[in-house]
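Novice: If you scroll down you'll find the structure; I have some questions about it.
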Amino acid sequence: MVKTTVEVPSLSKVYEASFHIGAAVNVRTIESQKDLLRKHFNSITAENDMKFIEIQPVEGQFTFEKADQLAAFAKENGMKMRGHTLVWHNQTPEWVFEGADRETLLQRMKEHITAVMNRYKGTIFCWDVVNEAVTDEGPELLRSTKWLEIIGEDYIEKAFEFAHEADPDALLFYNDYNESNPEKREKIYKLVKSLVDKGVPIHGVGLQAHWNLVNPRLEDIRIAIERYASLGLKLHLTELDVSVFNFEDKRTDLTEPTHKMLDLQAERYQQIFQLLREYRNHITSVTFWGAADDYTWLSDFPVKGRKNWPFLFDENHQAKESFWKVVQY
Ligand code: GLA
């Protein structure tokens, strides 16, 4: 008999012996992408629903409903869940900083971290405790934020200490973007090393991995992985996507990706996953910032309203050429 349909293997099963395969989700996509998520992913991250502004928009008023739905989805489907994120300069409500001196802000930070981590103890196995604290350019190491301004440089270690106290079993990560850029890489390395040297409870580095068809160079990704791995911490890719547009490309006229883009994307994914497999002793989780091309934040960034197609599955949840390059090796 002639076999007419090709069996599509499960991505997370193919990678079972190497690392978890995750997807960022929200309360809509756990419905609209349910089958795809169940078949191919064994880990999820809340795209927005566990951020400070979503979970505690008003002091002392916790709005866990959406986050709870996502945590329940993870549990029902036997998936891991990464927590994202506790301390960040974005998507944090104004009240947090209002009228706060160092002690007040530390207290608010601690209360938030404790409440959120307690709620998801046993479901969330790791947290992005601090997100994007490092500057992209210039001589300063730390980004200028209200956290830094009001508390001082030790706000980062305090966040990790509070998190460790709240859930001693959770793995605690520092997470950042442009992580493979040589200049930023050294800053992230320096920050994380200083935490490790001080004995701060930190267990991993999250490489966001918002990449495109050419940048960052594969060699720079390799160097970044080696550099962070040399700290003896676990590495997670936390927000992987491969934009079909290079950063300078501001075209808005495409209604579908070109063949050339899809070919280049497939080649790029092949190279990326080959590299990740090489470092599987250090990399324990690879999470995409979405699951399929029907929904991606890149359709609004950096060009508002411009569709992008950054994943292994197309808008109809069908495996792309990129998918086959990742599973067949
Ligand atoms: C950063 C954050 C994520 C998300 C993306 C854009 O990478 O860590 O939570 O907001 O930006 O969607």
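Residues in the structure tokens are numbered from 1 in each chain, the chains being A, B, ... in the order shown, and ligands are numbered from 1 in the order shown.
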Which residues are close to Ser43 in chain A, i.e. within 6 Å by only C-alpha atoms, leaving aside same-chain residues fewer than 3 positions away? Reply as a list in words.
Specialist: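 Returned residues: Ile21, Gly22, Met79, Lys80 and Met81 of chain A.
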Novice: Just the selected residues (N, CA and C atoms), exported as a PDB file, in the first residue's frame, please.
Specialist:
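again-v3.pdb, written as the output of this step:
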```
ATOM      1  N   ILE A  21      10.837  21.113  25.505  1.00  0.00           N
ATOM      2  CA  ILE A  21      10.453  22.018  24.419  1.00  0.00           C
ATOM      3  C   ILE A  21       9.228  22.797  24.897  1.00  0.00           C
ATOM      4  N   GLY A  22       9.382  24.114  24.985  1.00  0.00           N
ATOM      5  CA  GLY A  22       8.306  24.934  25.544  1.00  0.00           C
ATOM      6  C   GLY A  22       7.702  25.899  24.542  1.00  0.00           C
ATOM      7  N   MET A  79       2.538  18.943  31.625  1.00  0.00           N
ATOM      8  CA  MET A  79       3.619  19.783  31.109  1.00  0.00           C
ATOM      9  C   MET A  79       4.346  20.492  32.248  1.00  0.00           C
ATOM     10  N   LYS A  80       5.596  20.814  31.998  1.00  0.00           N
ATOM     11  CA  LYS A  80       6.349  21.667  32.908  1.00  0.00           C
ATOM     12  C   LYS A  80       5.850  23.096  32.733  1.00  0.00           C
ATOM     13  N   MET A  81       6.110  23.929  33.724  1.00  0.00           N
ATOM     14  CA  MET A  81       5.798  25.343  33.529  1.00  0.00           C
ATOM     15  C   MET A  81       6.939  26.210  34.046  1.00  0.00           C
TER      16      MET A  81
END
```
Novice: Which residues sit within 10 Å of ligand 1, counting only C-alpha atoms and all ligand atoms, listed as an MDAnalysis selection string?
Specialist: chainID A and resid 24 45:51 84:85 88 90:91 128 130:132 175:178 206:210 238:240 289:290 296:298 300:301
Novice: Could those residues be written to a file, using N, CA and C atoms, as an mmCIF file, in the first residue's frame?
Specialist:
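File produced: out.cif:
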```cif
data_model
loop_
_atom_site.group_PDB
_atom_site.id
_atom_site.type_symbol
_atom_site.label_atom_id
_atom_site.label_comp_id
_atom_site.auth_asym_id
_atom_site.auth_seq_id
_atom_site.Cartn_x
_atom_site.Cartn_y
_atom_site.Cartn_z
ATOM 1 N N ALA A 24 5.405 29.807 24.722
ATOM 2 C CA ALA A 24 4.709 30.859 25.467
ATOM 3 C C ALA A 24 3.249 30.816 25.053
ATOM 4 N N THR A 45 5.132 28.655 29.135
ATOM 5 C CA THR A 45 5.419 29.886 29.883
ATOM 6 C C THR A 45 4.248 30.823 29.618
ATOM 7 N N ALA A 46 3.826 31.577 30.623
ATOM 8 C CA ALA A 46 2.785 32.578 30.386
ATOM 9 C C ALA A 46 3.399 33.744 29.613
ATOM 10 N N GLU A 47 2.806 34.058 28.481
ATOM 11 C CA GLU A 47 3.355 35.153 27.671
ATOM 12 C C GLU A 47 3.298 36.480 28.440
ATOM 13 N N ASN A 48 2.188 36.745 29.078
ATOM 14 C CA ASN A 48 2.014 37.988 29.847
ATOM 15 C C ASN A 48 1.361 37.789 31.210
ATOM 16 N N ASP A 49 0.623 36.719 31.373
ATOM 17 C CA ASP A 49 -0.320 36.635 32.488
ATOM 18 C C ASP A 49 0.287 36.456 33.870
ATOM 19 N N MET A 50 1.602 36.290 33.947
ATOM 20 C CA MET A 50 2.213 36.222 35.270
ATOM 21 C C MET A 50 3.104 37.433 35.540
ATOM 22 N N LYS A 51 3.007 38.431 34.670
ATOM 23 C CA LYS A 51 3.793 39.638 34.903
ATOM 24 C C LYS A 51 3.153 40.455 36.022
ATOM 25 N N HIS A 84 7.308 33.419 34.591
ATOM 26 C CA HIS A 84 7.867 34.611 33.931
ATOM 27 C C HIS A 84 6.951 35.784 34.226
ATOM 28 N N THR A 85 7.367 36.799 34.873
ATOM 29 C CA THR A 85 8.654 37.103 35.469
ATOM 30 C C THR A 85 8.402 37.922 36.733
ATOM 31 N N TRP A 88 11.006 43.242 36.920
ATOM 32 C CA TRP A 88 11.296 43.744 35.569
ATOM 33 C C TRP A 88 10.972 45.225 35.535
ATOM 34 N N ASN A 90 9.560 46.674 32.905
ATOM 35 C CA ASN A 90 8.345 46.829 32.095
ATOM 36 C C ASN A 90 7.166 46.105 32.734
ATOM 37 N N GLN A 91 5.970 46.479 32.310
ATOM 38 C CA GLN A 91 4.753 45.808 32.765
ATOM 39 C C GLN A 91 4.707 45.631 34.291
ATOM 40 N N ASP A 128 11.908 33.060 36.041
ATOM 41 C CA ASP A 128 12.751 34.179 35.615
ATOM 42 C C ASP A 128 12.585 35.228 36.710
ATOM 43 N N VAL A 130 14.625 37.810 37.725
ATOM 44 C CA VAL A 130 14.895 39.176 37.265
ATOM 45 C C VAL A 130 15.052 39.138 35.746
ATOM 46 N N ASN A 131 14.382 40.071 35.092
ATOM 47 C CA ASN A 131 14.368 40.124 33.631
ATOM 48 C C ASN A 131 15.038 41.419 33.157
ATOM 49 N N GLU A 132 15.992 41.291 32.261
ATOM 50 C CA GLU A 132 16.533 42.444 31.508
ATOM 51 C C GLU A 132 17.091 43.567 32.372
ATOM 52 N N ASN A 175 17.233 36.360 33.263
ATOM 53 C CA ASN A 175 16.816 36.249 31.854
ATOM 54 C C ASN A 175 17.083 37.555 31.108
ATOM 55 N N ASP A 176 17.640 37.465 29.888
ATOM 56 C CA ASP A 176 17.880 38.714 29.136
ATOM 57 C C ASP A 176 17.926 38.466 27.627
ATOM 58 N N TYR A 177 17.792 39.568 26.861
ATOM 59 C CA TYR A 177 17.843 39.522 25.393
ATOM 60 C C TYR A 177 19.170 40.087 24.895
ATOM 61 N N ASN A 178 19.394 39.995 23.594
ATOM 62 C CA ASN A 178 20.707 40.366 23.012
ATOM 63 C C ASN A 178 21.825 39.651 23.756
ATOM 64 N N GLY A 206 18.800 32.599 31.487
ATOM 65 C CA GLY A 206 17.828 32.494 30.405
ATOM 66 C C GLY A 206 18.288 33.323 29.219
ATOM 67 N N LEU A 207 18.459 32.657 28.090
ATOM 68 C CA LEU A 207 18.799 33.362 26.848
ATOM 69 C C LEU A 207 17.482 33.554 26.096
ATOM 70 N N GLN A 208 17.041 34.790 25.973
ATOM 71 C CA GLN A 208 15.729 34.999 25.351
ATOM 72 C C GLN A 208 15.695 34.476 23.914
ATOM 73 N N ALA A 209 16.745 34.737 23.159
ATOM 74 C CA ALA A 209 16.841 34.183 21.790
ATOM 75 C C ALA A 209 15.772 34.710 20.829
ATOM 76 N N HIS A 210 15.555 36.013 20.849
ATOM 77 C CA HIS A 210 14.740 36.645 19.801
ATOM 78 C C HIS A 210 15.679 36.906 18.627
ATOM 79 N N THR A 238 14.697 30.871 26.411
ATOM 80 C CA THR A 238 13.412 31.175 27.046
ATOM 81 C C THR A 238 12.365 31.776 26.118
ATOM 82 N N GLU A 239 12.794 32.386 24.992
ATOM 83 C CA GLU A 239 11.814 33.117 24.164
ATOM 84 C C GLU A 239 12.167 33.004 22.683
ATOM 85 N N LEU A 240 12.555 31.816 22.263
ATOM 86 C CA LEU A 240 13.079 31.651 20.899
ATOM 87 C C LEU A 240 12.052 31.981 19.808
ATOM 88 N N TRP A 289 8.756 31.601 21.769
ATOM 89 C CA TRP A 289 7.864 32.655 22.281
ATOM 90 C C TRP A 289 6.552 32.632 21.500
ATOM 91 N N GLY A 290 5.908 31.477 21.573
ATOM 92 C CA GLY A 290 4.695 31.213 20.826
ATOM 93 C C GLY A 290 4.766 29.759 20.392
ATOM 94 N N THR A 296 1.982 35.596 16.926
ATOM 95 C CA THR A 296 3.322 35.972 17.384
ATOM 96 C C THR A 296 3.373 37.461 17.718
ATOM 97 N N TRP A 297 4.052 37.800 18.785
ATOM 98 C CA TRP A 297 4.209 39.218 19.153
ATOM 99 C C TRP A 297 4.948 39.969 18.051
ATOM 100 N N LEU A 298 5.712 39.238 17.217
ATOM 101 C CA LEU A 298 6.496 39.893 16.163
ATOM 102 C C LEU A 298 5.602 40.503 15.084
ATOM 103 N N ASP A 300 3.680 42.646 15.697
ATOM 104 C CA ASP A 300 3.547 44.045 16.119
ATOM 105 C C ASP A 300 4.883 44.677 16.464
ATOM 106 N N PHE A 301 5.944 43.931 16.258
ATOM 107 C CA PHE A 301 7.261 44.442 16.639
ATOM 108 C C PHE A 301 8.320 43.958 15.657
#
```
Novice: Trp147 in chain A: which residues within 10 Å, counting only C-alpha atoms, same-chain residues fewer than 2 positions away excluded, as a VMD selection string?
Specialist: chain A and resid 87 to 89 96 to 97 102 105 to 106 109 133 143 to 145 149 to 156
Novice: Using only C-alpha atoms, which protein or nucleic acid residues come within 10 Å of range 54-63 of chain A? Drop anything in the same chain fewer than 2 positions from it, and give the result as an MDAnalysis selection string.
Specialist: chainID A and resid 48:52 65:68 91:96 108 111:112 115:116
Novice: Between A:Glu179, A:Glu103, A:Glu267, A:Glu31, which is the closest to Leu237 in chain A once you count only C-alpha atoms?
Specialist: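 Of A:Glu179, A:Glu103, A:Glu267, A:Glu31, the one nearest Leu237 in chain A is A:Glu179, counting only C-alpha atoms.
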Novice: So which one's closest to Ala170 in chain A, A:Arg82, A:Arg227, A:Arg38, A:Lys304? Using only C-alpha atoms, please.
Specialist: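 Once distances to Ala170 in chain A are computed over only C-alpha atoms, the minimum belongs to A:Arg82.
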Novice: Identify, on the basis of only C-alpha atoms, every residue whose closest approach to Thr135 in chain A does not exceed 10 Å; exclude the query and any residue fewer than 3 positions from it along the same chain; express the result as a PDB file with N, CA, C and O atoms, in the first residue's frame.
Specialist:
```pdb
ATOM      1  N   GLU A 132      15.992  41.291  32.261  1.00  0.00           N
ATOM      2  CA  GLU A 132      16.533  42.444  31.508  1.00  0.00           C
ATOM      3  C   GLU A 132      17.091  43.567  32.372  1.00  0.00           C
ATOM      4  O   GLU A 132      16.793  44.741  32.158  1.00  0.00           O
ATOM      5  N   GLY A 138      26.925  51.245  26.226  1.00  0.00           N
ATOM      6  CA  GLY A 138      27.487  52.213  27.159  1.00  0.00           C
ATOM      7  C   GLY A 138      28.202  51.563  28.317  1.00  0.00           C
ATOM      8  O   GLY A 138      28.175  50.347  28.471  1.00  0.00           O
ATOM      9  N   PRO A 139      28.849  52.390  29.130  1.00  0.00           N
ATOM     10  CA  PRO A 139      29.714  51.864  30.188  1.00  0.00           C
ATOM     11  C   PRO A 139      28.956  51.293  31.391  1.00  0.00           C
ATOM     12  O   PRO A 139      29.507  50.475  32.124  1.00  0.00           O
ATOM     13  N   GLU A 140      27.704  51.749  31.591  1.00  0.00           N
ATOM     14  CA  GLU A 140      26.985  51.260  32.774  1.00  0.00           C
ATOM     15  C   GLU A 140      26.662  49.774  32.634  1.00  0.00           C
ATOM     16  O   GLU A 140      26.309  49.308  31.556  1.00  0.00           O
ATOM     17  N   LEU A 141      26.735  49.057  33.733  1.00  0.00           N
ATOM     18  CA  LEU A 141      26.365  47.636  33.695  1.00  0.00           C
ATOM     19  C   LEU A 141      24.849  47.479  33.813  1.00  0.00           C
ATOM     20  O   LEU A 141      24.224  46.759  33.037  1.00  0.00           O
ATOM     21  N   LEU A 142      24.261  48.183  34.769  1.00  0.00           N
ATOM     22  CA  LEU A 142      22.841  47.978  35.044  1.00  0.00           C
ATOM     23  C   LEU A 142      21.979  49.045  34.379  1.00  0.00           C
ATOM     24  O   LEU A 142      22.316  50.233  34.397  1.00  0.00           O
ATOM     25  N   ARG A 143      20.883  48.590  33.812  1.00  0.00           N
ATOM     26  CA  ARG A 143      19.881  49.470  33.222  1.00  0.00           C
ATOM     27  C   ARG A 143      19.317  50.392  34.308  1.00  0.00           C
ATOM     28  O   ARG A 143      19.117  49.967  35.445  1.00  0.00           O
ATOM     29  N   SER A 144      19.089  51.641  33.900  1.00  0.00           N
ATOM     30  CA  SER A 144      18.538  52.570  34.877  1.00  0.00           C
ATOM     31  C   SER A 144      17.029  52.324  35.013  1.00  0.00           C
ATOM     32  O   SER A 144      16.263  52.501  34.072  1.00  0.00           O
ATOM     33  N   GLU A 183      29.195  42.427  23.392  1.00  0.00           N
ATOM     34  CA  GLU A 183      29.277  43.451  24.441  1.00  0.00           C
ATOM     35  C   GLU A 183      28.289  43.154  25.574  1.00  0.00           C
ATOM     36  O   GLU A 183      28.641  43.143  26.759  1.00  0.00           O
ATOM     37  N   LYS A 184      27.058  42.878  25.196  1.00  0.00           N
ATOM     38  CA  LYS A 184      26.035  42.601  26.214  1.00  0.00           C
ATOM     39  C   LYS A 184      26.324  41.275  26.928  1.00  0.00           C
ATOM     40  O   LYS A 184      26.110  41.148  28.133  1.00  0.00           O
ATOM     41  N   LYS A 187      28.523  41.740  29.761  1.00  0.00           N
ATOM     42  CA  LYS A 187      27.859  42.404  30.894  1.00  0.00           C
ATOM     43  C   LYS A 187      26.992  41.409  31.666  1.00  0.00           C
ATOM     44  O   LYS A 187      26.991  41.386  32.898  1.00  0.00           O
ATOM     45  N   ILE A 188      26.244  40.602  30.913  1.00  0.00           N
ATOM     46  CA  ILE A 188      25.395  39.599  31.580  1.00  0.00           C
ATOM     47  C   ILE A 188      26.273  38.635  32.372  1.00  0.00           C
ATOM     48  O   ILE A 188      25.997  38.307  33.530  1.00  0.00           O
TER      49      ILE A 188
END
```
Novice: In terms of the shortest atom-to-atom distance over only C-alpha atoms, which of A:Trp324, A:Trp309, A:Phe288, A:Tyr329 is closest to Phe41 in chain A?
Specialist: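 Smallest distance to Phe41 in chain A is found for A:Phe288.
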